[in-house]
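Everything on this sheet refers to the single structure shown next.
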Amino acid sequence: MTLLDTAADTDTADWIVTCSEGRLLCERGVAVLVEGRQVALFLLRDGSVHAIDNHDPCTGVAVLSRGLVGDHGGRRTVASPLYKQRFDLRTGECLDDAGVRVAVHEVRIRDGAVEVRVRP
């Protein structure tokens with residue numbers, strides 16, 4: 001989900017600048033640190049940006065930013081580089097194990113900076 005800079009969206013509370021927009025690579029992940037929490041950012045071909053926890057809940061390792069971006073039935077996903085579990089970038093749902101999910105965070109681009117609002 002990408003929230004673009006709009007007049008109606010002037011609230012800056014809880015948004016953390018993570019990196020410049022130029023650091024994002026199309027269809028690849030980038031790991032950033034947001035208030036001590038590792039977050040994986042993904043820029044997709046359609047221009048949308050997604051933010052999920054970098055922590056793979058299946059292995060306990062912070063590797064999701066290095067996962068393979070793909071598509072499963074119209075759902076944009078990232079596959080863990082370890083055991084290949086696929087996570088929906090929009091919802092955090094694991095497509096291979098309904099009992100597992102990864103936290104999804106709000107992300108927006110403002111004035112060329114990628115900002116994230118971490119959900120607890």
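Letters for chains follow the order of the structure tokens (A, B, ...), residue numbers begin at 1 for each chain, and ligand numbers begin at 1 in the order shown.
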
> Can you tell me, as a VMD selection string, what residues are no more than 12 Å from Val107 (chain A) when counting only C-alpha atoms, ignoring any on the same chain fewer than 2 positions away?
Replying inline: chain A and resid 1 to 5 14 to 19 21 34 39 to 43 48 to 52 89 to 90 104 to 105 109 to 110 113 to 119

Got time to write the residues from that selection, C-alpha atoms, as a tab-separated table (two decimals), in the first residue's frame?
```tsv
chain	number	residue	atom	x	y	z
A	1	MET	CA	0.00	0.00	0.00
A	2	THR	CA	1.38	3.39	-0.85
A	3	LEU	CA	-0.01	6.59	0.48
A	4	LEU	CA	1.06	9.47	-1.69
A	5	ASP	CA	1.65	12.99	-0.49
A	14	ASP	CA	4.01	8.19	14.20
A	15	TRP	CA	5.47	8.28	10.66
A	16	ILE	CA	9.20	7.47	10.61
A	17	VAL	CA	11.46	8.39	7.68
A	18	THR	CA	13.29	5.18	6.74
A	19	CYS	CA	15.18	5.91	3.51
A	21	GLU	CA	12.67	6.70	-2.45
A	34	VAL	CA	12.11	1.46	12.37
A	39	VAL	CA	10.88	-3.83	8.37
A	40	ALA	CA	11.07	-5.05	4.76
A	41	LEU	CA	10.03	-2.57	2.05
A	42	PHE	CA	8.97	-3.67	-1.43
A	43	LEU	CA	8.45	-1.47	-4.50
A	48	SER	CA	2.92	0.51	-4.99
A	49	VAL	CA	5.14	0.18	-1.94
A	50	HIS	CA	4.54	-2.38	0.81
A	51	ALA	CA	6.00	-2.71	4.30
A	52	ILE	CA	6.01	-5.94	6.33
A	89	LEU	CA	2.33	-8.25	0.87
A	90	ARG	CA	-1.05	-6.56	1.44
A	104	VAL	CA	1.95	-5.37	7.76
A	105	HIS	CA	2.71	-1.68	8.23
A	109	ILE	CA	6.31	8.39	0.08
A	110	ARG	CA	6.54	12.07	1.02
A	113	ALA	CA	11.35	9.95	1.49
A	114	VAL	CA	9.86	6.57	2.36
A	115	GLU	CA	7.95	6.82	5.65
A	116	VAL	CA	6.59	3.92	7.68
A	117	ARG	CA	4.05	3.83	10.49
A	118	VAL	CA	4.65	0.62	12.45
A	119	ARG	CA	1.64	-1.25	13.75
```

>> Give me, as a list of chain:residue names, the residues of region 22-115 of chain A that a backbone DSSP run labels helix (DSSP H, G or I).
In response: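 Helix (DSSP H, G or I) assignments inside region 22-115 of chain A correspond to A:Gly22, A:Arg23, A:Leu64, A:Ser65, A:Arg66.
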
>> Quick check, in Å to one decimal: how far apart do CA of Val69 (chain A) and CA of Gly112 (chain A) lie?
In response: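 Here the two named atoms are 23.3 Å from each other.
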
> If we count only C-alpha atoms, what is near Asp71 (chain A) at a cut-off of 9 Å, once residues fewer than 6 positions away on the same chain are taken out, given as a list in words?
Replying inline: Thr77, Val78 and Asp88 of chain A

>> Need to verify the contact set: Val102 (chain A), 8 Å, only C-alpha atoms, exclusion of same-chain residues closer than 6 positions in sequence. Can you return it as a PyMOL selection string?
In response: chain A and resi 52-53+55-57+87+92-94

Would you save the residues of that selection, restricted to C-alpha atoms, as a compact mmCIF listing (two decimals), in the first residue's frame?
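Heads up, here's the output in again_28.txt:
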```
# COMPACT_ATOMS: atom_id res chain seq x y z
CA ILE A 52 6.01 -5.94 6.33
CA ASP A 53 8.08 -7.21 9.23
CA HIS A 55 11.20 -11.31 10.57
CA ASP A 56 10.16 -14.66 9.02
CA PRO A 57 7.72 -16.16 11.55
CA PHE A 87 3.36 -14.07 2.38
CA GLY A 92 0.62 -10.49 5.75
CA GLU A 93 -1.19 -13.82 5.42
CA CYS A 94 0.97 -16.88 4.80
```

> For Ala79 (chain A), which of A:Gly99, A:Arg28, A:Ala13, A:Glu106 is the closest residue, counting only C-alpha atoms?
Replying inline: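 Using only C-alpha atoms, Ala79 (chain A) sits closest to A:Arg28.
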
>> Restricting the calculation to only C-alpha atoms: of A:Leu82, A:Cys58, A:Ala98, A:Cys26, which residue gets closest to Asp46 (chain A)?
In response: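 The shortest atom-to-atom distance to Asp46 (chain A) comes from A:Cys26.
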
Picked from chain A by DSSP as strand (DSSP E), as an mmCIF file with N, CA, C and O atoms, in the first residue's frame:
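Saved the output as result29.cif:
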```
data_model
loop_
_atom_site.group_PDB
_atom_site.id
_atom_site.type_symbol
_atom_site.label_atom_id
_atom_site.label_comp_id
_atom_site.auth_asym_id
_atom_site.auth_seq_id
_atom_site.Cartn_x
_atom_site.Cartn_y
_atom_site.Cartn_z
ATOM 1 N N LEU A 3 0.753 5.369 0.288
ATOM 2 C CA LEU A 3 -0.013 6.588 0.481
ATOM 3 C C LEU A 3 0.830 7.708 -0.102
ATOM 4 O O LEU A 3 1.961 7.922 0.309
ATOM 5 N N LEU A 4 0.301 8.391 -1.066
ATOM 6 C CA LEU A 4 1.056 9.471 -1.691
ATOM 7 C C LEU A 4 0.825 10.772 -0.952
ATOM 8 O O LEU A 4 -0.152 10.936 -0.228
ATOM 9 N N ILE A 16 7.747 7.444 10.466
ATOM 10 C CA ILE A 16 9.198 7.467 10.605
ATOM 11 C C ILE A 16 9.825 7.434 9.210
ATOM 12 O O ILE A 16 9.506 6.560 8.400
ATOM 13 N N VAL A 17 10.716 8.391 8.942
ATOM 14 C CA VAL A 17 11.459 8.386 7.680
ATOM 15 C C VAL A 17 12.456 7.238 7.748
ATOM 16 O O VAL A 17 13.232 7.123 8.700
ATOM 17 N N THR A 18 12.428 6.369 6.727
ATOM 18 C CA THR A 18 13.292 5.184 6.736
ATOM 19 C C THR A 18 14.433 5.270 5.733
ATOM 20 O O THR A 18 15.534 4.810 6.013
ATOM 21 N N CYS A 19 14.162 5.805 4.555
ATOM 22 C CA CYS A 19 15.184 5.906 3.513
ATOM 23 C C CYS A 19 14.646 6.799 2.399
ATOM 24 O O CYS A 19 13.485 7.196 2.427
ATOM 25 N N SER A 20 15.491 7.086 1.432
ATOM 26 C CA SER A 20 15.027 7.860 0.284
ATOM 27 C C SER A 20 14.308 6.924 -0.690
ATOM 28 O O SER A 20 14.589 5.723 -0.735
ATOM 29 N N GLY A 29 13.317 -6.414 -2.251
ATOM 30 C CA GLY A 29 13.126 -5.906 -0.903
ATOM 31 C C GLY A 29 14.309 -5.115 -0.401
ATOM 32 O O GLY A 29 15.438 -5.305 -0.838
ATOM 33 N N VAL A 30 14.025 -4.219 0.546
ATOM 34 C CA VAL A 30 15.041 -3.436 1.238
ATOM 35 C C VAL A 30 14.705 -3.499 2.723
ATOM 36 O O VAL A 30 13.559 -3.260 3.109
ATOM 37 N N ALA A 31 15.685 -3.841 3.548
ATOM 38 C CA ALA A 31 15.473 -3.883 4.997
ATOM 39 C C ALA A 31 15.806 -2.527 5.598
ATOM 40 O O ALA A 31 16.819 -1.916 5.244
ATOM 41 N N VAL A 32 14.933 -2.064 6.494
ATOM 42 C CA VAL A 32 15.158 -0.811 7.212
ATOM 43 C C VAL A 32 14.861 -1.051 8.689
ATOM 44 O O VAL A 32 14.156 -1.995 9.046
ATOM 45 N N LEU A 33 15.406 -0.199 9.521
ATOM 46 C CA LEU A 33 15.169 -0.279 10.952
ATOM 47 C C LEU A 33 14.226 0.843 11.355
ATOM 48 O O LEU A 33 14.507 2.017 11.084
ATOM 49 N N VAL A 34 13.104 0.484 11.955
ATOM 50 C CA VAL A 34 12.108 1.462 12.374
ATOM 51 C C VAL A 34 11.892 1.298 13.867
ATOM 52 O O VAL A 34 11.291 0.317 14.316
ATOM 53 N N ARG A 37 12.820 -2.026 15.152
ATOM 54 C CA ARG A 37 12.129 -3.151 14.515
ATOM 55 C C ARG A 37 12.550 -3.227 13.049
ATOM 56 O O ARG A 37 12.515 -2.228 12.343
ATOM 57 N N GLN A 38 12.939 -4.427 12.604
ATOM 58 C CA GLN A 38 13.310 -4.596 11.204
ATOM 59 C C GLN A 38 12.056 -4.697 10.342
ATOM 60 O O GLN A 38 11.165 -5.500 10.617
ATOM 61 N N VAL A 39 12.014 -3.873 9.295
ATOM 62 C CA VAL A 39 10.882 -3.829 8.368
ATOM 63 C C VAL A 39 11.430 -4.032 6.960
ATOM 64 O O VAL A 39 12.488 -3.522 6.619
ATOM 65 N N ALA A 40 10.707 -4.812 6.163
ATOM 66 C CA ALA A 40 11.067 -5.046 4.765
ATOM 67 C C ALA A 40 10.162 -4.201 3.884
ATOM 68 O O ALA A 40 8.940 -4.243 4.013
ATOM 69 N N LEU A 41 10.770 -3.408 2.989
ATOM 70 C CA LEU A 41 10.031 -2.569 2.050
ATOM 71 C C LEU A 41 10.122 -3.174 0.660
ATOM 72 O O LEU A 41 11.188 -3.641 0.258
ATOM 73 N N PHE A 42 9.015 -3.125 -0.078
ATOM 74 C CA PHE A 42 8.968 -3.669 -1.431
ATOM 75 C C PHE A 42 8.301 -2.671 -2.367
ATOM 76 O O PHE A 42 7.175 -2.247 -2.112
ATOM 77 N N LEU A 43 9.001 -2.307 -3.444
ATOM 78 C CA LEU A 43 8.447 -1.473 -4.505
ATOM 79 C C LEU A 43 8.057 -2.400 -5.643
ATOM 80 O O LEU A 43 8.887 -3.140 -6.159
ATOM 81 N N VAL A 49 4.101 0.529 -2.894
ATOM 82 C CA VAL A 49 5.141 0.181 -1.936
ATOM 83 C C VAL A 49 4.468 -0.513 -0.759
ATOM 84 O O VAL A 49 3.412 -0.088 -0.293
ATOM 85 N N HIS A 50 5.086 -1.597 -0.299
ATOM 86 C CA HIS A 50 4.536 -2.381 0.806
ATOM 87 C C HIS A 50 5.573 -2.510 1.899
ATOM 88 O O HIS A 50 6.773 -2.575 1.622
ATOM 89 N N ALA A 51 5.113 -2.568 3.152
ATOM 90 C CA ALA A 51 5.998 -2.712 4.301
ATOM 91 C C ALA A 51 5.478 -3.841 5.180
ATOM 92 O O ALA A 51 4.316 -3.837 5.586
ATOM 93 N N ILE A 52 6.340 -4.824 5.433
ATOM 94 C CA ILE A 52 6.011 -5.937 6.327
ATOM 95 C C ILE A 52 7.185 -6.134 7.279
ATOM 96 O O ILE A 52 8.287 -5.635 7.033
ATOM 97 N N ASP A 53 6.957 -6.864 8.369
ATOM 98 C CA ASP A 53 8.076 -7.212 9.231
ATOM 99 C C ASP A 53 9.099 -7.991 8.424
ATOM 100 O O ASP A 53 8.734 -8.816 7.587
ATOM 101 N N LEU A 68 11.827 -13.682 -2.593
ATOM 102 C CA LEU A 68 11.449 -13.555 -3.997
ATOM 103 C C LEU A 68 10.048 -12.961 -4.110
ATOM 104 O O LEU A 68 9.088 -13.524 -3.590
ATOM 105 N N VAL A 69 9.937 -11.836 -4.804
ATOM 106 C CA VAL A 69 8.644 -11.194 -5.021
ATOM 107 C C VAL A 69 7.946 -11.922 -6.160
ATOM 108 O O VAL A 69 8.559 -12.247 -7.170
ATOM 109 N N GLY A 70 6.659 -12.210 -5.969
ATOM 110 C CA GLY A 70 5.919 -12.914 -7.002
ATOM 111 C C GLY A 70 4.442 -12.597 -6.969
ATOM 112 O O GLY A 70 4.010 -11.626 -6.356
ATOM 113 N N ASP A 71 3.684 -13.454 -7.629
ATOM 114 C CA ASP A 71 2.250 -13.302 -7.744
ATOM 115 C C ASP A 71 1.620 -14.678 -7.616
ATOM 116 O O ASP A 71 2.084 -15.635 -8.227
ATOM 117 N N HIS A 72 0.582 -14.768 -6.816
ATOM 118 C CA HIS A 72 -0.139 -16.030 -6.676
ATOM 119 C C HIS A 72 -1.628 -15.725 -6.781
ATOM 120 O O HIS A 72 -2.212 -15.152 -5.865
ATOM 121 N N ARG A 75 -2.512 -12.157 -6.157
ATOM 122 C CA ARG A 75 -2.042 -11.610 -4.883
ATOM 123 C C ARG A 75 -0.526 -11.453 -4.952
ATOM 124 O O ARG A 75 0.177 -12.405 -5.252
ATOM 125 N N ARG A 76 -0.034 -10.249 -4.686
ATOM 126 C CA ARG A 76 1.408 -10.006 -4.694
ATOM 127 C C ARG A 76 2.011 -10.562 -3.418
ATOM 128 O O ARG A 76 1.500 -10.318 -2.321
ATOM 129 N N THR A 77 3.081 -11.316 -3.566
ATOM 130 C CA THR A 77 3.657 -12.053 -2.455
ATOM 131 C C THR A 77 5.166 -11.883 -2.391
ATOM 132 O O THR A 77 5.804 -11.462 -3.350
ATOM 133 N N VAL A 78 5.712 -12.275 -1.243
ATOM 134 C CA VAL A 78 7.145 -12.465 -1.096
ATOM 135 C C VAL A 78 7.323 -13.862 -0.511
ATOM 136 O O VAL A 78 6.615 -14.258 0.411
ATOM 137 N N ALA A 79 8.256 -14.621 -1.091
ATOM 138 C CA ALA A 79 8.559 -15.967 -0.604
ATOM 139 C C ALA A 79 9.826 -15.903 0.232
ATOM 140 O O ALA A 79 10.841 -15.338 -0.194
ATOM 141 N N ARG A 86 5.152 -18.358 1.293
ATOM 142 C CA ARG A 86 4.755 -17.129 0.606
ATOM 143 C C ARG A 86 3.843 -16.300 1.498
ATOM 144 O O ARG A 86 2.890 -16.827 2.067
ATOM 145 N N PHE A 87 4.138 -15.002 1.567
ATOM 146 C CA PHE A 87 3.362 -14.070 2.381
ATOM 147 C C PHE A 87 2.753 -13.008 1.477
ATOM 148 O O PHE A 87 3.432 -12.422 0.639
ATOM 149 N N ASP A 88 1.458 -12.761 1.664
ATOM 150 C CA ASP A 88 0.746 -11.722 0.921
ATOM 151 C C ASP A 88 1.266 -10.368 1.401
ATOM 152 O O ASP A 88 1.234 -10.079 2.605
ATOM 153 N N VAL A 104 1.945 -6.301 8.897
ATOM 154 C CA VAL A 104 1.946 -5.371 7.763
ATOM 155 C C VAL A 104 1.888 -3.961 8.335
ATOM 156 O O VAL A 104 1.167 -3.706 9.302
ATOM 157 N N HIS A 105 2.645 -3.046 7.736
ATOM 158 C CA HIS A 105 2.710 -1.677 8.230
ATOM 159 C C HIS A 105 2.308 -0.702 7.139
ATOM 160 O O HIS A 105 2.427 -0.995 5.953
ATOM 161 N N GLU A 106 1.853 0.466 7.554
ATOM 162 C CA GLU A 106 1.512 1.520 6.597
ATOM 163 C C GLU A 106 2.802 2.120 6.061
ATOM 164 O O GLU A 106 3.786 2.252 6.793
ATOM 165 N N VAL A 107 2.799 2.477 4.793
ATOM 166 C CA VAL A 107 3.967 3.088 4.169
ATOM 167 C C VAL A 107 3.502 4.160 3.200
ATOM 168 O O VAL A 107 2.439 4.035 2.584
ATOM 169 N N ARG A 108 4.285 5.222 3.115
ATOM 170 C CA ARG A 108 3.968 6.288 2.164
ATOM 171 C C ARG A 108 5.270 6.922 1.709
ATOM 172 O O ARG A 108 6.319 6.791 2.353
ATOM 173 N N ILE A 109 5.171 7.623 0.594
ATOM 174 C CA ILE A 109 6.306 8.385 0.078
ATOM 175 C C ILE A 109 5.932 9.850 0.134
ATOM 176 O O ILE A 109 4.892 10.259 -0.390
ATOM 177 N N ARG A 110 6.770 10.629 0.834
ATOM 178 C CA ARG A 110 6.540 12.068 1.015
ATOM 179 C C ARG A 110 7.819 12.804 0.717
ATOM 180 O O ARG A 110 8.841 12.532 1.341
ATOM 181 N N ALA A 113 10.955 10.813 0.364
ATOM 182 C CA ALA A 113 11.353 9.955 1.486
ATOM 183 C C ALA A 113 10.311 8.871 1.714
ATOM 184 O O ALA A 113 9.109 9.141 1.617
ATOM 185 N N VAL A 114 10.758 7.675 2.037
ATOM 186 C CA VAL A 114 9.860 6.575 2.364
ATOM 187 C C VAL A 114 9.604 6.627 3.869
ATOM 188 O O VAL A 114 10.552 6.576 4.669
ATOM 189 N N GLU A 115 8.335 6.756 4.238
ATOM 190 C CA GLU A 115 7.947 6.825 5.654
ATOM 191 C C GLU A 115 7.102 5.611 6.000
ATOM 192 O O GLU A 115 6.281 5.165 5.201
ATOM 193 N N VAL A 116 7.317 5.092 7.204
ATOM 194 C CA VAL A 116 6.595 3.918 7.676
ATOM 195 C C VAL A 116 5.949 4.247 9.016
ATOM 196 O O VAL A 116 6.548 4.908 9.867
ATOM 197 N N ARG A 117 4.728 3.762 9.190
ATOM 198 C CA ARG A 117 4.049 3.826 10.489
ATOM 199 C C ARG A 117 3.890 2.385 10.929
ATOM 200 O O ARG A 117 3.127 1.627 10.334
#
```
